[in-house]
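S.K.: To be precise about what I am sending: the file is called structure03.cif and holds mmCIF, C-alpha atoms.
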```cif
data_query
#
loop_
_atom_site.group_PDB
_atom_site.id
_atom_site.type_symbol
_atom_site.label_atom_id
_atom_site.label_comp_id
_atom_site.auth_asym_id
_atom_site.auth_seq_id
_atom_site.Cartn_x
_atom_site.Cartn_y
_atom_site.Cartn_z
ATOM 1 C CA MET A 690 -92.599 -89.556 -44.532
ATOM 2 C CA LEU A 691 -89.719 -87.963 -42.673
ATOM 3 C CA PRO A 692 -89.387 -88.293 -38.897
ATOM 4 C CA PRO A 693 -90.500 -85.121 -37.059
ATOM 5 C CA GLU A 694 -86.943 -84.189 -35.999
ATOM 6 C CA GLU A 695 -85.613 -84.326 -39.571
ATOM 7 C CA LEU A 696 -88.674 -82.516 -40.883
ATOM 8 C CA SER A 697 -88.147 -79.778 -38.303
ATOM 9 C CA LEU A 698 -84.486 -79.304 -39.305
ATOM 10 C CA LEU A 699 -85.325 -79.083 -42.989
ATOM 11 C CA THR A 700 -88.301 -76.792 -42.485
ATOM 12 C CA PHE A 701 -86.206 -74.467 -40.340
ATOM 13 C CA GLN A 702 -83.421 -74.321 -42.942
ATOM 14 C CA ASP A 703 -85.918 -73.811 -45.741
ATOM 15 C CA THR A 704 -87.550 -70.868 -43.966
ATOM 16 C CA HIS A 705 -84.254 -69.397 -42.663
ATOM 17 C CA PRO A 706 -81.800 -69.738 -45.572
ATOM 18 C CA GLN A 707 -79.402 -66.980 -44.507
ATOM 19 C CA HIS A 708 -76.647 -67.708 -42.005
ATOM 20 C CA ARG A 709 -76.652 -64.942 -39.426
ATOM 21 C CA GLY A 710 -75.949 -64.584 -35.705
ATOM 22 C CA ALA A 711 -79.641 -64.606 -34.829
ATOM 23 C CA LYS A 712 -80.043 -67.849 -36.753
ATOM 24 C CA GLU A 713 -77.245 -69.478 -34.745
ATOM 25 C CA ALA A 714 -78.979 -68.515 -31.499
ATOM 26 C CA ALA A 715 -82.295 -69.819 -32.819
ATOM 27 C CA ILE A 716 -80.672 -73.133 -33.791
ATOM 28 C CA ARG A 717 -79.200 -73.561 -30.320
ATOM 29 C CA THR A 718 -82.484 -72.629 -28.631
ATOM 30 C CA ARG A 719 -84.770 -74.666 -30.849
ATOM 31 C CA PHE A 720 -82.660 -77.783 -31.470
ATOM 32 C CA GLY A 721 -80.181 -77.744 -28.590
ATOM 33 C CA ILE A 722 -77.196 -78.139 -30.922
ATOM 34 C CA GLY A 723 -74.579 -75.819 -32.343
ATOM 35 C CA SER A 724 -74.802 -74.423 -35.828
ATOM 36 C CA ALA A 725 -71.975 -76.651 -37.117
ATOM 37 C CA ARG A 726 -73.838 -79.798 -36.075
ATOM 38 C CA PHE A 727 -77.089 -78.387 -37.498
ATOM 39 C CA TYR A 728 -75.486 -77.823 -40.897
ATOM 40 C CA GLN A 729 -73.831 -81.258 -40.847
ATOM 41 C CA ARG A 730 -77.207 -82.861 -40.304
ATOM 42 C CA VAL A 731 -78.990 -80.759 -42.929
ATOM 43 C CA HIS A 732 -76.241 -81.396 -45.494
ATOM 44 C CA SER A 733 -76.391 -85.142 -44.905
ATOM 45 C CA LEU A 734 -80.201 -85.112 -45.176
ATOM 46 C CA VAL A 735 -80.285 -83.354 -48.559
ATOM 47 C CA ARG A 736 -78.328 -86.220 -50.095
ATOM 48 C CA ARG A 737 -81.193 -88.639 -49.473
ATOM 49 C CA PRO A 738 -83.617 -89.284 -52.346
ATOM 50 C CA ASP A 739 -86.689 -89.016 -50.089
ATOM 51 C CA VAL A 740 -85.572 -85.574 -48.914
ATOM 52 C CA VAL A 741 -84.800 -84.416 -52.452
ATOM 53 C CA ALA A 742 -88.306 -85.523 -53.456
ATOM 54 C CA GLU A 743 -89.928 -83.598 -50.600
ATOM 55 C CA TYR A 744 -87.616 -80.538 -50.559
ATOM 56 C CA PRO A 745 -86.156 -80.306 -54.074
ATOM 57 C CA GLN A 746 -85.391 -76.569 -54.046
ATOM 58 C CA LEU A 747 -83.721 -76.714 -50.638
ATOM 59 C CA ALA A 748 -81.699 -79.806 -51.567
ATOM 60 C CA PHE A 749 -80.486 -78.384 -54.853
ATOM 61 C CA ARG A 750 -79.685 -74.992 -53.296
ATOM 62 C CA ILE A 751 -77.545 -76.600 -50.589
ATOM 63 C CA LEU A 752 -75.826 -78.976 -53.005
ATOM 64 C CA ARG A 753 -75.106 -76.080 -55.387
ATOM 65 C CA LEU A 754 -73.570 -74.089 -52.513
ATOM 66 C CA GLU A 755 -71.419 -77.084 -51.559
ATOM 67 C CA GLU A 756 -70.194 -77.455 -55.139
ATOM 68 C CA SER A 757 -69.389 -73.755 -55.297
ATOM 69 C CA ALA A 758 -67.438 -73.910 -52.027
ATOM 70 C CA GLU A 759 -65.520 -76.963 -53.253
ATOM 71 C CA HIS A 760 -64.658 -75.176 -56.476
ATOM 72 C CA ARG A 761 -63.326 -72.156 -54.509
ATOM 73 C CA ARG A 762 -61.206 -74.455 -52.293
ATOM 74 C CA GLU A 763 -59.755 -76.178 -55.352
ATOM 75 C CA GLU A 764 -59.004 -72.836 -56.983
ATOM 76 C CA ARG A 765 -57.229 -71.534 -53.861
ATOM 77 C CA SER A 766 -55.211 -74.742 -53.643
ATOM 78 C CA ARG A 767 -54.254 -74.458 -57.307
ATOM 79 C CA MET A 768 -53.196 -70.837 -56.832
ATOM 80 C CA ARG A 769 -50.998 -71.756 -53.848
ATOM 81 C CA ARG A 770 -49.222 -74.435 -55.857
ATOM 82 C CA VAL A 771 -48.513 -71.942 -58.653
ATOM 83 C CA ALA A 772 -47.165 -69.262 -56.340
#
```
Step by step, read the file and then write its structure as structure tokens.
M.R.:
Amino acid sequence: MLPPEELSLLTFQDTHPQHRGAKEAAIRTRFGIGSARFYQRVHSLVRRPDVVAEYPQLAFRILRLEESAEHRREERSRMRRVA
């Protein structure tokens, strides 16, 4: 069983998947942290097996987005070296 604070972070992210200005304000109000710290915590949580077992769709969605972002960074870096 996840601690209430971690459960709250994951539940919030699962029910608010889009990153918008209103979400940033809600994160600050509800958790008392900035959006960057919120996402750091969520991204570290979804790497844990117990979280993947409890929130598989959320975990895989976030990990897929991370992989996609990494691929774009690598592609941009490769293009800069060619140019």
S.K.: The PyMOL selection byres ((chain A and resi 691-701) around 9) - which residues does that actually catch in the file I just gave you? List them as a list in words.
M.R.: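 After applying the PyMOL selection byres ((chain A and resi 691-701) around 9), what remains is Met690, Gln702, Asp703, Thr704, His705, Pro706, Ile716, Phe720, Phe727, Arg730, Val731, Leu734, Val735, Asp739, Val740, Tyr744 and Leu747 of chain A.
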S.K.: How big is the axis-aligned box around all listed atoms of range 761-766 of chain A once 4 Å goes on each side, and where's its centre, in Å to one decimal, as AutoDock Vina command-line options?
M.R.:
```
--center_x -59.3 --center_y -73.9 --center_z -54.6 --size_x 16.1 --size_y 12.6 --size_z 12.7
```
S.K.: Point out the residue among A:His732, A:Ile722, A:Arg717, A:Ala711 with the least atom-to-atom distance to Arg753 in chain A, counting all atoms listed in the file.
M.R.: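 Comparing A:His732, A:Ile722, A:Arg717, A:Ala711 against Arg753 in chain A, the winner is A:His732.
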S.K.: So how far away is CA of Ser724 in chain A from CA of Ile751 in chain A, in Å?
M.R.: 15.2 Å
S.K.: Hey, can you check how far CA of Leu752 in chain A sits from CA of Gln707 in chain A?
M.R.: 15.1 Å
S.K.: If you measure from CA of His708 in chain A to CA of Ala758 in chain A, what distance in Å do you get, rounded to one decimal?
M.R.: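 Interatomic distance, CA of His708 in chain A to CA of Ala758 in chain A: 15.0 Å.
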